[in-house]
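S.K.: Structure file model-v4.pdb (PDB, C-alpha atoms and all ligand atoms) right here:
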MODEL        1
ATOM      1  CA  MET A   1       6.839  -9.624 -25.985  1.00  0.00           C
ATOM      2  CA  THR A   2       3.488  -8.488 -27.370  1.00  0.00           C
ATOM      3  CA  ASP A   3       2.340  -4.889 -27.394  1.00  0.00           C
ATOM      4  CA  LYS A   4      -0.501  -5.787 -25.120  1.00  0.00           C
ATOM      5  CA  LYS A   5       1.832  -7.192 -22.542  1.00  0.00           C
ATOM      6  CA  ALA A   6       4.080  -4.123 -22.690  1.00  0.00           C
ATOM      7  CA  GLN A   7       1.086  -1.890 -22.250  1.00  0.00           C
ATOM      8  CA  SER A   8      -0.225  -3.640 -19.206  1.00  0.00           C
ATOM      9  CA  GLN A   9       3.266  -3.643 -17.708  1.00  0.00           C
ATOM     10  CA  GLN A  10       3.399   0.102 -18.284  1.00  0.00           C
ATOM     11  CA  ARG A  11       0.034   0.568 -16.653  1.00  0.00           C
ATOM     12  CA  LEU A  12       1.131  -1.475 -13.687  1.00  0.00           C
ATOM     13  CA  ASP A  13       4.306   0.587 -13.354  1.00  0.00           C
ATOM     14  CA  GLY A  14       2.175   3.710 -13.300  1.00  0.00           C
ATOM     15  CA  ILE A  15      -0.059   2.322 -10.584  1.00  0.00           C
ATOM     16  CA  VAL A  16       2.890   1.254  -8.475  1.00  0.00           C
ATOM     17  CA  ALA A  17       4.550   4.658  -8.893  1.00  0.00           C
ATOM     18  CA  LYS A  18       1.388   6.431  -7.853  1.00  0.00           C
ATOM     19  CA  ALA A  19       0.877   4.190  -4.849  1.00  0.00           C
ATOM     20  CA  LYS A  20       4.443   4.889  -3.765  1.00  0.00           C
ATOM     21  CA  ARG A  21       3.878   8.625  -4.171  1.00  0.00           C
ATOM     22  CA  ASP A  22       0.738   8.506  -2.077  1.00  0.00           C
ATOM     23  CA  ILE A  23       2.535   6.615   0.642  1.00  0.00           C
ATOM     24  CA  GLU A  24       5.426   9.060   0.634  1.00  0.00           C
ATOM     25  CA  GLU A  25       3.154  12.078   0.811  1.00  0.00           C
ATOM     26  CA  ARG A  26       1.214  10.606   3.654  1.00  0.00           C
ATOM     27  CA  GLY A  27       4.432   9.821   5.466  1.00  0.00           C
ATOM     28  CA  HIS A  28       5.926  13.234   4.959  1.00  0.00           C
ATOM     29  CA  SER A  29       4.738  15.083   7.993  1.00  0.00           C
ATOM     30  CA  TYR A  30       6.163  12.742  10.592  1.00  0.00           C
ATOM     31  CA  ARG A  31       9.252  11.898   8.549  1.00  0.00           C
ATOM     32  CA  GLY A  32      10.164  15.578   8.308  1.00  0.00           C
ATOM     33  CA  GLN A  33       9.607  16.053  12.019  1.00  0.00           C
ATOM     34  CA  ALA A  34      11.624  13.004  12.954  1.00  0.00           C
ATOM     35  CA  LEU A  35      14.524  14.052  10.727  1.00  0.00           C
ATOM     36  CA  LYS A  36      14.576  17.464  12.380  1.00  0.00           C
ATOM     37  CA  MET A  37      14.474  15.961  15.817  1.00  0.00           C
ATOM     38  CA  TYR A  38      17.055  13.192  15.574  1.00  0.00           C
ATOM     39  CA  PRO A  39      20.594  12.969  14.183  1.00  0.00           C
ATOM     40  CA  TRP A  40      20.720  11.211  10.799  1.00  0.00           C
ATOM     41  CA  ILE A  41      22.187   7.994  12.123  1.00  0.00           C
ATOM     42  CA  CYS A  42      20.760   4.473  11.969  1.00  0.00           C
ATOM     43  CA  GLY A  43      19.715   3.429  15.460  1.00  0.00           C
ATOM     44  CA  ARG A  44      20.938  -0.154  14.869  1.00  0.00           C
ATOM     45  CA  CYS A  45      24.100  -0.145  12.765  1.00  0.00           C
ATOM     46  CA  ALA A  46      25.087   3.498  13.460  1.00  0.00           C
ATOM     47  CA  ARG A  47      25.510   4.249   9.763  1.00  0.00           C
ATOM     48  CA  GLU A  48      25.559   8.010   9.182  1.00  0.00           C
ATOM     49  CA  PHE A  49      23.482   9.774   6.548  1.00  0.00           C
ATOM     50  CA  VAL A  50      23.770  12.960   4.524  1.00  0.00           C
ATOM     51  CA  ASN A  51      21.388  14.675   2.113  1.00  0.00           C
ATOM     52  CA  SER A  52      22.516  12.583  -0.842  1.00  0.00           C
ATOM     53  CA  ASN A  53      21.588   9.236   0.702  1.00  0.00           C
ATOM     54  CA  LEU A  54      18.877  10.371   3.081  1.00  0.00           C
ATOM     55  CA  GLN A  55      16.275   8.367   1.182  1.00  0.00           C
ATOM     56  CA  GLU A  56      17.856   5.232   2.664  1.00  0.00           C
ATOM     57  CA  LEU A  57      17.091   6.389   6.158  1.00  0.00           C
ATOM     58  CA  THR A  58      13.602   5.487   7.309  1.00  0.00           C
ATOM     59  CA  VAL A  59      11.455   6.542  10.219  1.00  0.00           C
ATOM     60  CA  HIS A  60      10.437   3.454  12.149  1.00  0.00           C
ATOM     61  CA  HIS A  61       7.530   3.376  14.583  1.00  0.00           C
ATOM     62  CA  LYS A  62       8.634   1.662  17.742  1.00  0.00           C
ATOM     63  CA  ASN A  63       5.195   0.282  18.502  1.00  0.00           C
ATOM     64  CA  HIS A  64       4.640  -0.539  14.798  1.00  0.00           C
ATOM     65  CA  ASP A  65       1.583   1.723  14.722  1.00  0.00           C
ATOM     66  CA  HIS A  66       2.069   4.279  11.971  1.00  0.00           C
ATOM     67  CA  ASP A  67      -0.894   6.300  13.118  1.00  0.00           C
ATOM     68  CA  TYR A  68       0.684   6.865  16.505  1.00  0.00           C
ATOM     69  CA  ASN A  69       2.877   9.940  16.008  1.00  0.00           C
ATOM     70  CA  PRO A  70       3.287  11.858  19.262  1.00  0.00           C
ATOM     71  CA  SER A  71       4.956  15.213  18.644  1.00  0.00           C
ATOM     72  CA  ASP A  72       7.712  14.505  21.167  1.00  0.00           C
ATOM     73  CA  GLY A  73       8.976  11.805  18.774  1.00  0.00           C
ATOM     74  CA  SER A  74       8.867   9.086  21.398  1.00  0.00           C
ATOM     75  CA  ASN A  75       7.472   6.538  18.939  1.00  0.00           C
ATOM     76  CA  TRP A  76      10.032   7.231  16.212  1.00  0.00           C
ATOM     77  CA  GLU A  77      13.373   5.674  15.548  1.00  0.00           C
ATOM     78  CA  LEU A  78      15.614   6.401  12.559  1.00  0.00           C
ATOM     79  CA  LEU A  79      16.787   3.177  10.896  1.00  0.00           C
ATOM     80  CA  CYS A  80      18.549   2.521   7.616  1.00  0.00           C
ATOM     81  CA  ILE A  81      16.479   0.556   5.102  1.00  0.00           C
ATOM     82  CA  TYR A  82      18.334  -2.681   5.885  1.00  0.00           C
ATOM     83  CA  CYS A  83      17.950  -2.537   9.640  1.00  0.00           C
ATOM     84  CA  HIS A  84      14.399  -1.371   9.130  1.00  0.00           C
ATOM     85  CA  ASP A  85      13.591  -4.402   6.990  1.00  0.00           C
ATOM     86  CA  ASN A  86      15.131  -6.627   9.627  1.00  0.00           C
ATOM     87  CA  GLU A  87      13.113  -5.012  12.362  1.00  0.00           C
ATOM     88  CA  HIS A  88       9.868  -5.529  10.501  1.00  0.00           C
ATOM     89  CA  GLN A  89      10.738  -9.087   9.571  1.00  0.00           C
ATOM     90  CA  ARG A  90      11.462  -9.851  13.190  1.00  0.00           C
ATOM     91  CA  HIS A  91       8.178  -8.270  14.215  1.00  0.00           C
ATOM     92  CA  THR A  92       6.255 -10.243  11.577  1.00  0.00           C
ATOM     93  CA  GLU A  93       7.882 -13.477  12.697  1.00  0.00           C
ATOM     94  CA  GLU A  94       7.016 -12.713  16.297  1.00  0.00           C
ATOM     95  CA  LEU A  95       3.381 -12.263  15.345  1.00  0.00           C
ATOM     96  CA  LEU A  96       3.430 -15.441  13.259  1.00  0.00           C
ATOM     97  CA  ASN A  97       4.910 -17.323  16.180  1.00  0.00           C
ATOM     98  CA  LYS A  98       2.019 -16.162  18.271  1.00  0.00           C
ATOM     99  CA  GLY A  99      -0.315 -17.445  15.566  1.00  0.00           C
ATOM    100  CA  ILE A 100      -1.316 -14.044  14.259  1.00  0.00           C
ATOM    101  CA  ALA A 101      -0.886 -13.636  10.525  1.00  0.00           C
ATOM    102  CA  LEU A 102      -0.343 -10.056   9.374  1.00  0.00           C
ATOM    103  CA  ASP A 103      -1.843 -10.719   5.972  1.00  0.00           C
ATOM    104  CA  GLY A 104      -2.963 -13.674   3.884  1.00  0.00           C
ATOM    105  CA  ALA A 105       0.192 -13.801   1.778  1.00  0.00           C
ATOM    106  CA  LYS A 106       2.383 -14.495   4.781  1.00  0.00           C
ATOM    107  CA  ALA A 107       0.104 -16.958   6.498  1.00  0.00           C
ATOM    108  CA  PRO A 108       1.508 -20.481   6.547  1.00  0.00           C
ATOM    109  CA  GLY A 109      -0.021 -22.583   3.817  1.00  0.00           C
ATOM    110  CA  ALA A 110      -1.526 -19.659   1.927  1.00  0.00           C
ATOM    111  CA  THR A 111      -0.862 -19.410  -1.778  1.00  0.00           C
ATOM    112  CA  PHE A 112       1.883 -16.923  -2.483  1.00  0.00           C
ATOM    113  CA  ASN A 113       0.506 -13.879  -4.273  1.00  0.00           C
ATOM    114  CA  PRO A 114       3.092 -11.307  -5.397  1.00  0.00           C
ATOM    115  CA  PHE A 115       0.364  -8.731  -5.952  1.00  0.00           C
ATOM    116  CA  ALA A 116      -1.296  -9.014  -2.574  1.00  0.00           C
ATOM    117  CA  ASP A 117       0.433  -5.873  -1.320  1.00  0.00           C
ATOM    118  CA  LEU A 118      -0.334  -3.961  -4.461  1.00  0.00           C
ATOM    119  CA  LYS A 119      -3.976  -4.858  -4.284  1.00  0.00           C
ATOM    120  CA  SER A 120      -4.328  -3.666  -0.741  1.00  0.00           C
ATOM    121  CA  MET A 121      -2.470  -0.447  -1.574  1.00  0.00           C
ATOM    122  CA  MET A 122      -4.868   0.313  -4.398  1.00  0.00           C
ATOM    123  CA  GLY A 123      -8.046  -0.861  -2.792  1.00  0.00           C
ATOM    124  CA  ASP A 124      -7.850   0.696   0.625  1.00  0.00           C
ATOM    125  CA  LYS A 125      -5.728   3.821   0.706  1.00  0.00           C
ATOM    126  CA  ASP A 126      -6.650   5.035   4.131  1.00  0.00           C
ATOM    127  CA  SER A 127      -6.261   1.834   6.044  1.00  0.00           C
ATOM    128  CA  GLY A 128      -2.982   2.932   7.584  1.00  0.00           C
ATOM    129  CA  GLN A 129      -0.857   0.724   5.396  1.00  0.00           C
ATOM    130  CA  ASP A 130       2.772   0.613   6.391  1.00  0.00           C
ATOM    131  CA  SER A 131       3.930   3.888   4.910  1.00  0.00           C
ATOM    132  CA  GLU A 132       7.605   3.209   5.419  1.00  0.00           C
ATOM    133  CA  LYS A 133       7.879  -0.057   3.603  1.00  0.00           C
TER
HETATM  134 ZN    ZN B 201      21.225   0.278   9.912  1.00  0.00          ZN
HETATM  135 ZN    ZN B 202       8.958   0.540  10.759  1.00  0.00          ZN
ENDMDL
END
Let me see the structure of the file written as structure tokens.

M.R.:
Amino acid sequence: MTDKKAQSQQRLDGIVAKAKRDIEERGHSYRGQALKMYPWICGRCAREFVNSNLQELTVHHKNHDHDYNPSDGSNWELLCIYCHDNEHQRHTEELLNKGIALDGAKAPGATFNPFADLKSMMGDKDSGQDSEK
């Protein structure tokens, strides 16, 4: 491995870490509210959570719109990371089946680009990117 390569890897790690931080901070207000409002149990597999593993419990938006956060919590559902992934995958597949591609990387026939997500995170911070991913 060359120094140059190590350096750019380091830079990339820094960018990814910052992007994750931004996403977490943006997500904080509704996550905190949802965790106060609901018991810490996954709505799908009924796994229970405590402080030490709470980071594996996510706040899912039932209508998949992260900007829709009514204060009565009606759009929130607590899901563990696994069930949450499943839920989003199912949703993505539903959209694909209807012929709507969520983003270029997932469109049938598009060239796979592992940095597509990263690029959109860096380029367009306020576009309402999925903050729970
Ligand atoms: Zn679960
Ligand atoms: Zn979700």

S.K.: Please identify the residues whose atoms come within 6 Å of ligand ZN 201 (chain B), using all atoms listed in the file, and report them as an mmCIF file with C-alpha atoms, keeping the file's coordinate frame.

M.R.:
data_model
loop_
_atom_site.group_PDB
_atom_site.id
_atom_site.type_symbol
_atom_site.label_atom_id
_atom_site.label_comp_id
_atom_site.auth_asym_id
_atom_site.auth_seq_id
_atom_site.Cartn_x
_atom_site.Cartn_y
_atom_site.Cartn_z
ATOM 1 C CA CYS A 42 20.760 4.473 11.969
ATOM 2 C CA ARG A 44 20.938 -0.154 14.869
ATOM 3 C CA CYS A 45 24.100 -0.145 12.765
ATOM 4 C CA ARG A 47 25.510 4.249 9.763
ATOM 5 C CA LEU A 79 16.787 3.177 10.896
ATOM 6 C CA CYS A 80 18.549 2.521 7.616
ATOM 7 C CA TYR A 82 18.334 -2.681 5.885
ATOM 8 C CA CYS A 83 17.950 -2.537 9.640
#

S.K.: Please indicate the distance in Å from atom CA of Lys98 of chain A to atom CA of Tyr68 of chain A, rounded to one decimal place.

M.R.: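 Interatomic distance here is 23.1 Å.
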
S.K.: Using all atoms listed in the file, which residues of chain A come within 10 Å of ligand ZN 202 (chain B), and what is the closest atom pair for each, with the distance in Å to one decimal? Give it as a Markdown table, sorted by chain and residue number.

M.R.:
| residue | atom | partner | partner_atom | distance |
| --- | --- | --- | --- | --- |
| A:Thr58 | CA | B:ZN202 | ZN | 7.6 |
| A:Val59 | CA | B:ZN202 | ZN | 6.5 |
| A:His60 | CA | B:ZN202 | ZN | 3.6 |
| A:His61 | CA | B:ZN202 | ZN | 5.0 |
| A:Lys62 | CA | B:ZN202 | ZN | 7.1 |
| A:Asn63 | CA | B:ZN202 | ZN | 8.6 |
| A:His64 | CA | B:ZN202 | ZN | 6.0 |
| A:Asp65 | CA | B:ZN202 | ZN | 8.5 |
| A:His66 | CA | B:ZN202 | ZN | 7.9 |
| A:Trp76 | CA | B:ZN202 | ZN | 8.7 |
| A:Glu77 | CA | B:ZN202 | ZN | 8.3 |
| A:Leu78 | CA | B:ZN202 | ZN | 9.0 |
| A:Leu79 | CA | B:ZN202 | ZN | 8.3 |
| A:Ile81 | CA | B:ZN202 | ZN | 9.4 |
| A:Cys83 | CA | B:ZN202 | ZN | 9.6 |
| A:His84 | CA | B:ZN202 | ZN | 6.0 |
| A:Asp85 | CA | B:ZN202 | ZN | 7.8 |
| A:Asn86 | CA | B:ZN202 | ZN | 9.5 |
| A:Glu87 | CA | B:ZN202 | ZN | 7.1 |
| A:His88 | CA | B:ZN202 | ZN | 6.1 |
| A:Gln89 | CA | B:ZN202 | ZN | 9.9 |
| A:His91 | CA | B:ZN202 | ZN | 9.5 |
| A:Asp130 | CA | B:ZN202 | ZN | 7.6 |
| A:Ser131 | CA | B:ZN202 | ZN | 8.4 |
| A:Glu132 | CA | B:ZN202 | ZN | 6.1 |
| A:Lys133 | CA | B:ZN202 | ZN | 7.3 |

S.K.: Just give me the gap between atom CA of Ser74 of chain A and atom CA of Ala46 of chain A in Å, one decimal is fine.

M.R.: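 Between atom CA of Ser74 of chain A and atom CA of Ala46 of chain A the gap works out to 18.9 Å.
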
S.K.: Fewer than 2 positions away in the same chain doesn't count, so skip those; otherwise give me all residues within 12 Å of Met37 of chain A, counting only C-alpha atoms, as a PyMOL selection string.

M.R.: chain A and resi 30-35+39-41+59+71-74+76-78

S.K.: Using atom CA of Leu57 of chain A and atom CA of Gly43 of chain A as the two end points, give the distance in Å to one decimal.

M.R.: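 Answer for the atom CA of Leu57 of chain A to atom CA of Gly43 of chain A separation: 10.1 Å.
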